[in-house]
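data.cif follows; it contains mmCIF, C-alpha atoms.
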```
data_entry
loop_
_atom_site.label_atom_id
_atom_site.label_comp_id
_atom_site.auth_asym_id
_atom_site.auth_seq_id
_atom_site.Cartn_x
_atom_site.Cartn_y
_atom_site.Cartn_z
CA MET Q 1 0.00 0.00 0.00
CA GLU Q 2 2.75 2.41 1.03
CA HIS Q 3 4.72 1.26 -1.98
CA ALA Q 4 1.82 1.76 -4.40
CA ARG Q 5 1.22 5.26 -3.12
CA SER Q 6 4.83 6.33 -3.52
CA ARG Q 7 4.74 5.14 -7.11
CA GLY Q 8 1.34 6.82 -7.65
CA ARG Q 9 2.42 10.27 -6.47
CA PRO Q 10 5.07 10.95 -9.09
CA ARG Q 11 2.70 9.74 -11.79
CA GLN Q 12 0.00 12.12 -10.54
CA ALA Q 13 2.48 14.99 -10.45
CA GLU Q 14 3.72 14.15 -13.91
CA LEU Q 15 0.13 14.10 -15.26
CA GLN Q 16 -0.57 17.40 -13.58
CA ASP Q 17 2.52 18.99 -15.12
CA ARG Q 18 1.70 17.58 -18.52
CA LEU Q 19 -1.85 18.96 -18.43
CA ILE Q 20 -0.68 22.40 -17.30
CA SER Q 21 1.99 22.56 -19.94
CA SER Q 22 -0.53 21.47 -22.60
CA ALA Q 23 -2.97 24.17 -21.45
CA LEU Q 24 -0.24 26.81 -21.73
CA ASP Q 25 0.69 25.56 -25.20
CA VAL Q 26 -2.91 25.59 -26.38
CA LEU Q 27 -3.32 29.13 -25.06
CA ALA Q 28 -0.19 30.29 -26.86
CA THR Q 29 -1.20 28.55 -30.10
CA ASN Q 30 -4.98 28.92 -30.20
CA GLY Q 31 -5.68 31.96 -28.06
CA ILE Q 32 -8.24 32.13 -25.29
CA THR Q 33 -11.15 31.49 -27.64
CA GLY Q 34 -9.45 28.28 -28.75
CA LEU Q 35 -8.53 27.12 -25.25
CA THR Q 36 -10.77 24.05 -24.90
CA VAL Q 37 -10.55 20.98 -22.67
CA GLU Q 38 -10.66 18.87 -25.85
CA ARG Q 39 -7.51 20.45 -27.27
CA VAL Q 40 -5.67 20.39 -23.95
CA CYS Q 41 -6.43 16.69 -23.40
CA ALA Q 42 -5.62 15.73 -26.98
CA LEU Q 43 -2.23 17.41 -26.66
CA ALA Q 44 -1.57 15.84 -23.27
CA GLY Q 45 -2.82 12.45 -24.50
CA VAL Q 46 -5.17 11.89 -21.56
CA PRO Q 47 -8.94 11.45 -21.31
CA LYS Q 48 -11.02 14.44 -20.28
CA THR Q 49 -11.95 12.84 -16.97
CA THR Q 50 -8.30 13.14 -15.96
CA PHE Q 51 -8.53 16.87 -16.57
CA TYR Q 52 -11.85 17.35 -14.78
CA ARG Q 53 -10.54 15.52 -11.73
CA ARG Q 54 -8.27 18.54 -11.23
CA TRP Q 55 -9.94 21.61 -12.70
CA SER Q 56 -13.36 22.67 -13.86
CA LYS Q 57 -12.10 24.64 -16.86
CA PRO Q 58 -8.89 24.89 -18.91
CA PHE Q 59 -8.30 28.44 -17.82
CA ASP Q 60 -7.75 27.30 -14.21
CA ALA Q 61 -4.93 25.05 -15.37
CA VAL Q 62 -3.37 28.00 -17.18
CA VAL Q 63 -3.51 30.11 -14.03
CA GLU Q 64 -1.88 27.34 -12.00
CA GLY Q 65 0.80 27.05 -14.66
CA ILE Q 66 1.48 30.76 -14.82
CA LEU Q 67 1.80 30.98 -11.04
CA SER Q 68 4.36 28.19 -10.98
CA ARG Q 69 6.59 29.66 -13.70
CA PRO Q 70 9.66 31.60 -12.69
CA ARG Q 71 8.90 35.26 -13.21
CA GLU Q 72 11.42 37.00 -11.01
CA LEU Q 73 13.98 39.07 -12.82
CA THR Q 74 16.33 40.48 -10.29
CA TYR Q 75 19.11 42.97 -10.94
CA VAL Q 76 22.30 41.29 -9.77
CA ASP Q 77 25.15 43.61 -8.85
CA GLU Q 78 28.49 42.06 -9.69
CA GLY Q 79 30.39 45.32 -9.52
CA ASN Q 80 30.31 46.45 -13.16
CA ALA Q 81 27.13 48.34 -14.01
CA VAL Q 82 27.68 48.14 -17.78
CA ARG Q 83 28.03 44.39 -17.71
CA ASP Q 84 25.37 43.86 -15.03
CA LEU Q 85 22.84 45.99 -16.91
CA SER Q 86 23.62 44.20 -20.21
CA ARG Q 87 22.99 40.88 -18.54
CA PHE Q 88 19.80 42.22 -17.00
CA TYR Q 89 18.64 43.46 -20.40
CA ASN Q 90 19.31 40.07 -21.98
CA SER Q 91 17.30 38.26 -19.33
CA LEU Q 92 14.37 40.67 -19.88
CA ALA Q 93 14.52 40.20 -23.65
CA ALA Q 94 14.48 36.41 -23.17
CA LEU Q 95 11.48 36.57 -20.82
CA TYR Q 96 9.50 38.83 -23.12
CA SER Q 97 10.04 36.61 -26.13
CA ASP Q 98 8.55 33.56 -24.41
CA PRO Q 99 5.28 33.04 -26.35
CA ILE Q 100 3.48 31.78 -23.25
CA TRP Q 101 4.51 34.83 -21.28
CA LEU Q 102 3.36 37.06 -24.16
CA ALA Q 103 0.02 35.29 -24.45
CA TRP Q 104 -0.49 35.51 -20.72
CA GLU Q 105 0.37 39.18 -20.45
CA SER Q 106 -1.86 40.07 -23.36
CA LEU Q 107 -4.65 37.99 -21.92
CA SER Q 108 -4.38 39.60 -18.52
CA ARG Q 109 -4.80 42.96 -20.22
CA CYS Q 110 -7.62 42.24 -22.62
CA GLU Q 111 -9.71 39.93 -20.45
CA PRO Q 112 -11.21 41.83 -17.54
CA SER Q 113 -12.15 38.58 -15.78
CA VAL Q 114 -8.46 37.69 -15.69
CA ARG Q 115 -7.38 41.21 -14.87
CA SER Q 116 -9.60 41.45 -11.82
CA ASN Q 117 -8.35 38.27 -10.22
CA LEU Q 118 -4.87 37.09 -10.84
CA ALA Q 119 -3.49 40.04 -12.73
CA ALA Q 120 -3.78 42.30 -9.69
CA GLN Q 121 -1.61 39.90 -7.72
CA LEU Q 122 0.99 39.66 -10.47
CA GLU Q 123 0.96 43.42 -10.94
CA GLU Q 124 1.71 43.94 -7.27
CA GLU Q 125 4.55 41.41 -7.48
CA GLY Q 126 5.90 43.27 -10.48
CA ARG Q 127 5.75 46.55 -8.62
CA GLN Q 128 7.67 45.10 -5.67
CA ARG Q 129 10.27 43.54 -7.94
CA ARG Q 130 10.84 46.83 -9.72
CA GLU Q 131 11.21 48.57 -6.37
CA HIS Q 132 13.78 45.98 -5.32
CA ASN Q 133 15.73 46.33 -8.57
CA LYS Q 134 15.68 50.12 -8.29
CA GLN Q 135 17.27 49.91 -4.85
CA ALA Q 136 19.86 47.37 -5.97
CA LEU Q 137 20.85 49.40 -9.01
CA GLY Q 138 20.90 52.62 -6.96
CA ASN Q 139 23.34 51.04 -4.52
CA ALA Q 140 25.50 49.70 -7.33
CA LEU Q 141 25.67 53.11 -9.04
CA ASN Q 142 26.65 54.72 -5.74
CA GLU Q 143 29.33 52.17 -4.99
CA GLN Q 144 30.72 52.47 -8.51
CA ARG Q 145 30.62 56.27 -8.18
CA LEU Q 146 28.56 56.69 -11.32
CA ASP Q 147 27.35 60.11 -10.23
CA ALA Q 148 26.18 61.17 -13.67
CA ALA Q 149 23.78 58.23 -14.02
CA LEU Q 150 20.09 58.89 -14.58
CA ALA Q 151 17.69 57.83 -11.81
CA PRO Q 152 17.89 54.02 -11.36
CA GLY Q 153 14.14 53.58 -11.89
CA LEU Q 154 14.36 55.40 -15.20
CA ILE Q 155 17.33 53.32 -16.36
CA LEU Q 156 15.44 50.10 -15.59
CA ASN Q 157 12.32 51.44 -17.28
CA VAL Q 158 14.25 52.21 -20.48
CA LEU Q 159 15.87 48.78 -20.64
CA ASN Q 160 12.55 47.12 -19.91
CA GLY Q 161 10.83 49.09 -22.68
CA VAL Q 162 13.49 48.32 -25.27
CA ALA Q 163 13.45 44.62 -24.28
CA ARG Q 164 9.65 44.55 -24.63
CA ASN Q 165 9.82 46.18 -28.05
CA SER Q 166 12.38 43.69 -29.25
CA ALA Q 167 9.94 40.84 -28.55
CA GLY Q 168 6.52 42.46 -28.85
CA LEU Q 169 7.13 44.63 -31.91
CA ARG Q 170 10.06 42.62 -33.32
CA TRP Q 171 11.98 45.88 -33.15
CA HIS Q 172 15.42 44.46 -32.90
CA THR Q 173 18.23 46.25 -31.07
CA ALA Q 174 21.81 45.15 -31.71
CA GLU Q 175 23.97 44.24 -28.73
CA SER Q 176 26.32 47.14 -29.52
CA GLU Q 177 23.37 49.55 -29.43
CA VAL Q 178 22.20 48.24 -26.08
CA GLN Q 179 25.73 48.71 -24.81
CA GLU Q 180 25.91 52.30 -26.09
CA LEU Q 181 22.51 53.04 -24.61
CA ILE Q 182 23.55 51.72 -21.21
CA LEU Q 183 26.64 53.92 -21.25
CA ARG Q 184 24.48 56.99 -21.89
CA LEU Q 185 22.06 56.06 -19.16
CA ILE Q 186 24.75 55.66 -16.55
CA GLY Q 187 26.50 58.84 -17.68
CA LEU Q 188 29.51 57.34 -19.41
CA GLY Q 189 28.36 57.61 -22.97
CA LEU Q 190 30.25 60.67 -24.18
CA GLY Q 191 33.98 61.14 -24.53
CA THR Q 192 36.68 58.78 -23.30
CA ASN Q 193 35.19 55.83 -21.66
CA PRO Q 194 36.93 53.68 -19.07
CA ALA Q 195 33.83 51.59 -18.36
CA LEU Q 196 33.50 50.50 -21.95
CA ASP Q 197 37.03 49.16 -22.01
CA GLN Q 198 36.49 47.56 -18.65
CA SER Q 199 33.46 45.68 -19.92
CA ARG Q 200 35.20 44.22 -22.93
CA MET T 1 -37.38 60.71 -52.85
CA GLU T 2 -34.10 62.57 -53.23
CA HIS T 3 -34.92 64.38 -50.01
CA ALA T 4 -35.63 61.16 -48.10
CA ARG T 5 -32.36 59.62 -49.25
CA SER T 6 -30.27 62.58 -48.15
CA ARG T 7 -31.84 62.35 -44.69
CA GLY T 8 -31.40 58.57 -44.64
CA ARG T 9 -27.67 58.54 -45.39
CA PRO T 10 -26.47 60.43 -42.33
CA ARG T 11 -28.70 58.29 -40.13
CA GLN T 12 -27.18 55.11 -41.58
CA ALA T 13 -23.69 56.46 -41.06
CA GLU T 14 -24.53 57.50 -37.51
CA LEU T 15 -25.92 54.05 -36.74
CA GLN T 16 -22.83 52.43 -38.21
CA ASP T 17 -20.54 54.61 -36.10
CA ARG T 18 -22.58 53.97 -32.99
CA LEU T 19 -22.44 50.19 -33.48
CA ILE T 20 -18.70 50.25 -34.11
CA SER T 21 -18.03 52.39 -31.10
CA SER T 22 -20.22 50.12 -28.96
CA ALA T 23 -18.32 47.07 -30.19
CA LEU T 24 -15.00 48.69 -29.27
CA ASP T 25 -16.34 49.62 -25.83
CA VAL T 26 -17.64 46.11 -25.18
CA LEU T 27 -14.27 44.68 -26.22
CA ALA T 28 -12.43 47.03 -23.87
CA THR T 29 -14.82 46.33 -20.99
CA ASN T 30 -15.71 42.66 -21.40
CA GLY T 31 -12.81 41.20 -23.32
CA ILE T 32 -13.08 39.03 -26.39
CA THR T 33 -14.94 36.27 -24.56
CA GLY T 34 -17.55 38.84 -23.53
CA LEU T 35 -17.86 40.45 -26.96
CA THR T 36 -21.42 39.43 -27.92
CA VAL T 37 -23.91 40.92 -30.38
CA GLU T 38 -26.37 41.20 -27.47
CA ARG T 39 -24.06 43.45 -25.46
CA VAL T 40 -23.07 45.55 -28.47
CA CYS T 41 -26.71 46.15 -29.46
CA ALA T 42 -27.84 46.85 -25.90
CA LEU T 43 -25.11 49.48 -25.57
CA ALA T 44 -25.92 50.99 -28.96
CA GLY T 45 -29.65 50.85 -28.25
CA VAL T 46 -30.54 49.13 -31.52
CA PRO T 47 -32.14 45.77 -32.36
CA LYS T 48 -29.87 42.92 -33.40
CA THR T 49 -31.23 42.95 -36.95
CA THR T 50 -29.62 46.38 -37.38
CA PHE T 51 -26.30 44.84 -36.47
CA TYR T 52 -26.68 41.76 -38.67
CA ARG T 53 -27.56 43.93 -41.66
CA ARG T 54 -23.91 45.09 -41.54
CA TRP T 55 -21.77 42.33 -40.07
CA SER T 56 -22.04 38.65 -39.32
CA LYS T 57 -20.19 38.84 -35.99
CA PRO T 58 -19.19 41.54 -33.48
CA PHE T 59 -15.54 41.02 -34.14
CA ASP T 60 -15.95 42.29 -37.72
CA ALA T 61 -17.31 45.58 -36.37
CA VAL T 62 -14.27 45.83 -34.09
CA VAL T 63 -11.93 45.33 -37.02
CA GLU T 64 -13.72 48.01 -39.05
CA GLY T 65 -13.49 50.34 -36.07
CA ILE T 66 -9.81 49.70 -35.49
CA LEU T 67 -8.99 50.30 -39.13
CA SER T 68 -10.77 53.65 -39.10
CA ARG T 69 -9.06 54.96 -35.97
CA PRO T 70 -6.13 57.33 -36.36
CA ARG T 71 -3.01 55.32 -35.64
CA GLU T 72 -0.30 57.31 -37.32
CA LEU T 73 2.23 58.85 -34.99
CA THR T 74 4.63 60.82 -37.04
CA TYR T 75 7.76 62.53 -35.80
CA VAL T 76 7.36 66.20 -36.67
CA ASP T 77 10.57 68.19 -36.97
CA GLU T 78 10.07 71.77 -35.84
CA GLY T 79 13.75 72.50 -35.43
CA ASN T 80 14.30 71.66 -31.76
CA ALA T 81 14.94 67.97 -31.18
CA VAL T 82 14.44 68.19 -27.41
CA ARG T 83 11.04 69.78 -27.76
CA ASP T 84 10.04 67.71 -30.81
CA LEU T 85 10.97 64.44 -29.11
CA SER T 86 9.12 65.45 -25.93
CA ARG T 87 5.99 66.13 -27.96
CA PHE T 88 6.45 62.83 -29.81
CA TYR T 89 6.79 61.01 -26.48
CA ASN T 90 3.61 62.63 -25.16
CA SER T 91 1.63 61.59 -28.21
CA LEU T 92 2.88 58.00 -27.84
CA ALA T 93 1.98 57.93 -24.15
CA ALA T 94 -1.52 59.20 -24.97
CA LEU T 95 -2.01 56.57 -27.68
CA TYR T 96 -0.84 53.73 -25.47
CA SER T 97 -3.14 54.69 -22.61
CA ASP T 98 -6.26 54.45 -24.79
CA PRO T 99 -8.05 51.36 -23.37
CA ILE T 100 -9.40 50.38 -26.79
CA TRP T 101 -5.96 50.53 -28.32
CA LEU T 102 -4.59 48.45 -25.43
CA ALA T 103 -7.36 45.86 -25.77
CA TRP T 104 -6.82 45.68 -29.48
CA GLU T 105 -3.07 45.30 -29.29
CA SER T 106 -3.33 42.62 -26.64
CA LEU T 107 -5.96 40.82 -28.63
CA SER T 108 -3.91 40.87 -31.80
CA ARG T 109 -1.12 39.22 -29.85
CA CYS T 110 -3.01 36.56 -27.94
CA GLU T 111 -5.52 35.59 -30.60
CA PRO T 112 -3.84 33.83 -33.50
CA SER T 113 -6.96 34.22 -35.67
CA VAL T 114 -6.64 37.97 -35.32
CA ARG T 115 -2.89 37.92 -35.65
CA SER T 116 -2.95 36.07 -38.94
CA ASN T 117 -5.34 38.47 -40.65
CA LEU T 118 -5.42 42.06 -39.66
CA ALA T 119 -2.47 42.17 -37.33
CA ALA T 120 -0.06 41.43 -40.16
CA GLN T 121 -1.34 44.45 -42.05
CA LEU T 122 -1.10 46.70 -39.01
CA GLU T 123 2.35 45.36 -38.20
CA GLU T 124 3.55 46.25 -41.67
CA GLU T 125 2.09 49.72 -41.33
CA GLY T 126 3.85 50.10 -38.01
CA ARG T 127 7.14 49.04 -39.54
CA GLN T 128 6.80 51.59 -42.33
CA ARG T 129 5.85 54.34 -39.89
CA ARG T 130 8.89 53.60 -37.75
CA GLU T 131 11.07 53.69 -40.84
CA HIS T 132 9.61 57.06 -41.80
CA ASN T 133 10.13 58.46 -38.29
CA LYS T 134 13.69 57.17 -38.20
CA GLN T 135 14.48 59.07 -41.40
CA ALA T 136 12.77 62.25 -40.19
CA LEU T 137 14.59 62.19 -36.86
CA GLY T 138 17.88 61.36 -38.56
CA ASN T 139 17.53 64.41 -40.79
CA ALA T 140 16.59 66.62 -37.86
CA LEU T 141 19.60 65.47 -35.82
CA ASN T 142 21.89 66.17 -38.78
CA GLU T 143 20.45 69.61 -39.41
CA GLN T 144 20.70 70.47 -35.73
CA ARG T 145 24.27 69.14 -35.68
CA LEU T 146 23.58 66.76 -32.84
CA ASP T 147 26.54 64.60 -33.74
CA ALA T 148 26.70 62.81 -30.41
CA ALA T 149 23.14 61.52 -30.67
CA LEU T 150 22.51 57.79 -30.55
CA ALA T 151 21.11 56.13 -33.70
CA PRO T 152 17.67 57.64 -34.50
CA GLY T 153 15.98 54.23 -34.52
CA LEU T 154 17.32 53.51 -31.05
CA ILE T 155 16.15 56.88 -29.71
CA LEU T 156 12.63 56.25 -31.02
CA ASN T 157 12.67 52.72 -29.67
CA VAL T 158 13.58 53.96 -26.17
CA LEU T 159 10.85 56.61 -26.11
CA ASN T 160 8.34 54.12 -27.46
CA GLY T 161 9.26 51.58 -24.76
CA VAL T 162 9.04 54.08 -21.92
CA ALA T 163 5.70 55.38 -23.25
CA ARG T 164 4.37 51.81 -23.42
CA ASN T 165 5.48 51.10 -19.88
CA SER T 166 3.82 54.22 -18.58
CA ALA T 167 0.46 52.94 -19.89
CA GLY T 168 0.83 49.18 -19.87
CA LEU T 169 2.65 48.73 -16.58
CA ARG T 170 1.52 52.01 -15.01
CA TRP T 171 5.20 52.72 -14.59
CA HIS T 172 5.01 56.47 -14.49
CA THR T 173 7.84 58.66 -15.74
CA ALA T 174 7.87 62.33 -14.73
CA GLU T 175 8.11 64.94 -17.46
CA SER T 176 11.47 66.11 -16.10
CA GLU T 177 12.80 62.54 -16.35
CA VAL T 178 11.64 62.20 -19.94
CA GLN T 179 13.40 65.47 -20.67
CA GLU T 180 16.64 64.31 -19.02
CA LEU T 181 16.44 61.04 -20.89
CA ILE T 182 15.99 62.78 -24.24
CA LEU T 183 19.04 64.93 -23.56
CA ARG T 184 21.14 61.83 -22.93
CA LEU T 185 19.86 60.13 -26.03
CA ILE T 186 20.71 63.05 -28.28
CA GLY T 187 24.09 63.52 -26.63
CA LEU T 188 23.42 66.66 -24.63
CA GLY T 189 22.79 65.14 -21.24
CA LEU T 190 26.11 65.71 -19.49
CA GLY T 191 27.64 68.99 -18.42
CA THR T 192 26.38 72.46 -19.31
CA ASN T 193 23.42 72.21 -21.49
CA PRO T 194 22.31 74.88 -23.93
CA ALA T 195 19.57 72.71 -25.40
CA LEU T 196 17.90 72.26 -22.04
CA ASP T 197 17.68 76.03 -21.52
CA GLN T 198 16.49 76.46 -25.06
CA SER T 199 13.64 74.06 -24.52
CA ARG T 200 12.29 75.80 -21.43
#
```
Can you give me the file's structure in the form of structure tokens?
Amino acid sequence: MEHARSRGRPRQAELQDRLISSALDVLATNGITGLTVERVCALAGVPKTTFYRRWSKPFDAVVEGILSRPRELTYVDEGNAVRDLSRFYNSLAALYSDPIWLAWESLSRCEPSVRSNLAAQLEEEGRQRREHNKQALGNALNEQRLDAALAPGLILNVLNGVARNSAGLRWHTAESEVQELILRLIGLGLGTNPALDQSR
Amino acid sequence: MEHARSRGRPRQAELQDRLISSALDVLATNGITGLTVERVCALAGVPKTTFYRRWSKPFDAVVEGILSRPRELTYVDEGNAVRDLSRFYNSLAALYSDPIWLAWESLSRCEPSVRSNLAAQLEEEGRQRREHNKQALGNALNEQRLDAALAPGLILNVLNGVARNSAGLRWHTAESEVQELILRLIGLGLGTNPALDQSR
């Protein structure tokens, strides 16, 4: 009995994961109007009863999936703002080009039923994360004596916006341009530039 | 007969406009899953037959509405890049905070059926508009001898991203910060700054 249960658990967890991941895929591929239990179960290769044992509608599986995905993007200070901000930009650009993330964000904006529930929670998390990153970048700029830098919140906002555009509008920005932009933002962009050399 | 027709035309056009505007409102308020002919007609105060005389489904009215909305944001060179870019930023921020525009953009991203039809056309228009603005800004920067400016496409991308964030993420940027940012982007942000004084 004990034995059977310990073998059953992983299988249940695996089924759960498979259904969630199928729901996310169907959402990304077919949109919310095409998000049906039939499609989710066909993709997962399980009967519908397996789905309904867990959720009453496919959207609930999506929500559970979204909540379990990593969505923290933290500014990590490793002592070189140019390099640290480049890395931060790259991680943002990667997040924003994830089709499931895009579908979810769009959905949370255009579906008021989504907006009113989960989106408020995620928005608050986002706000806190931005506040955290602002502090971390502010400290880093101070420690690195980058006195001519723009306000840390503004710097993060700019990089976030450009990263979003690169995914959402397919408005590509070359790595060298991102680099140049960062230098301007932190006040090193004009004239001789020790930080640029340092980061190469 | 002639008389009756000339009175009938404006009424038909008014009805058409009212139905389209109701469809856009319902989309913004209720999302695509709540976009029903019943809601649209109740809001417009007309019977459903009036709707079905024009379109077969509410989404078609939305598309017609979207296509007729002004969506051109053109960089206008009036000889002062700081002021011209500030005005351009403000017009972007206003566009992106329009709830109907937001709902539409989100929809075109999360609904593949939308994406594949109309969104492709709008995307191409957007690409051409950005190309036009890039040229216009490039010329302005040359004429104003702003040799230390970043690439015009990158400048526009940054302002676009920050304007999007101010609406989409409610990540507010103060006017003074936008101004400071613009100065950095066009290479006037460090040290004494004639352009800043000029723009006040």
**Item:** Near-range 19-30 of chain T list (7 Å; only C-alpha atoms; drop same-chain fewer than 3 positions) as a ChimeraX atom specification
**Value:** /Q:110-112 /T:15-16,34-35,39-40,43-44,58,61-62,65,99-100,103
**Prompt:** Separation of CA of Leu188 in chain Q and CA of Leu183 in chain T, in Å?
**Reply:** 13.6 Å
**Request:** Could you tell me how far CA of Asn165 in chain T lies from CA of Leu85 in chain T, in Å and to one decimal?
**Result:**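 Straight-line distance from CA of Asn165 in chain T to CA of Leu85 in chain T works out to 17.1 Å.
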**Item:** Residues returned when the PyMOL selection byres ((chain T and resi 145) around 12) runs on this file, as a PyMOL selection string
**Value:** chain T and resi 79-81+137-144+146-149+186-188+195
**Request:** Measuring atom to atom with only C-alpha atoms, identify which of T:Thr74, T:Asn157, T:Ser86, T:Val63 is nearest to Glu105 in chain T.
**Result:**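 The answer is T:Val63, which sits nearest to Glu105 in chain T.
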**Message:** Assuming the chain letters and numbering stay as they are in my file, what does the PyMOL selection byres ((chain T and resi 168) around 9) actually select? List them as a list in words.
**Reply:**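 Written out, the selection comes to Arg109 of chain Q; Tyr96, Ser97, Leu102, Ala163, Arg164, Asn165, Ser166, Ala167, Leu169, Arg170 and Trp171 of chain T.
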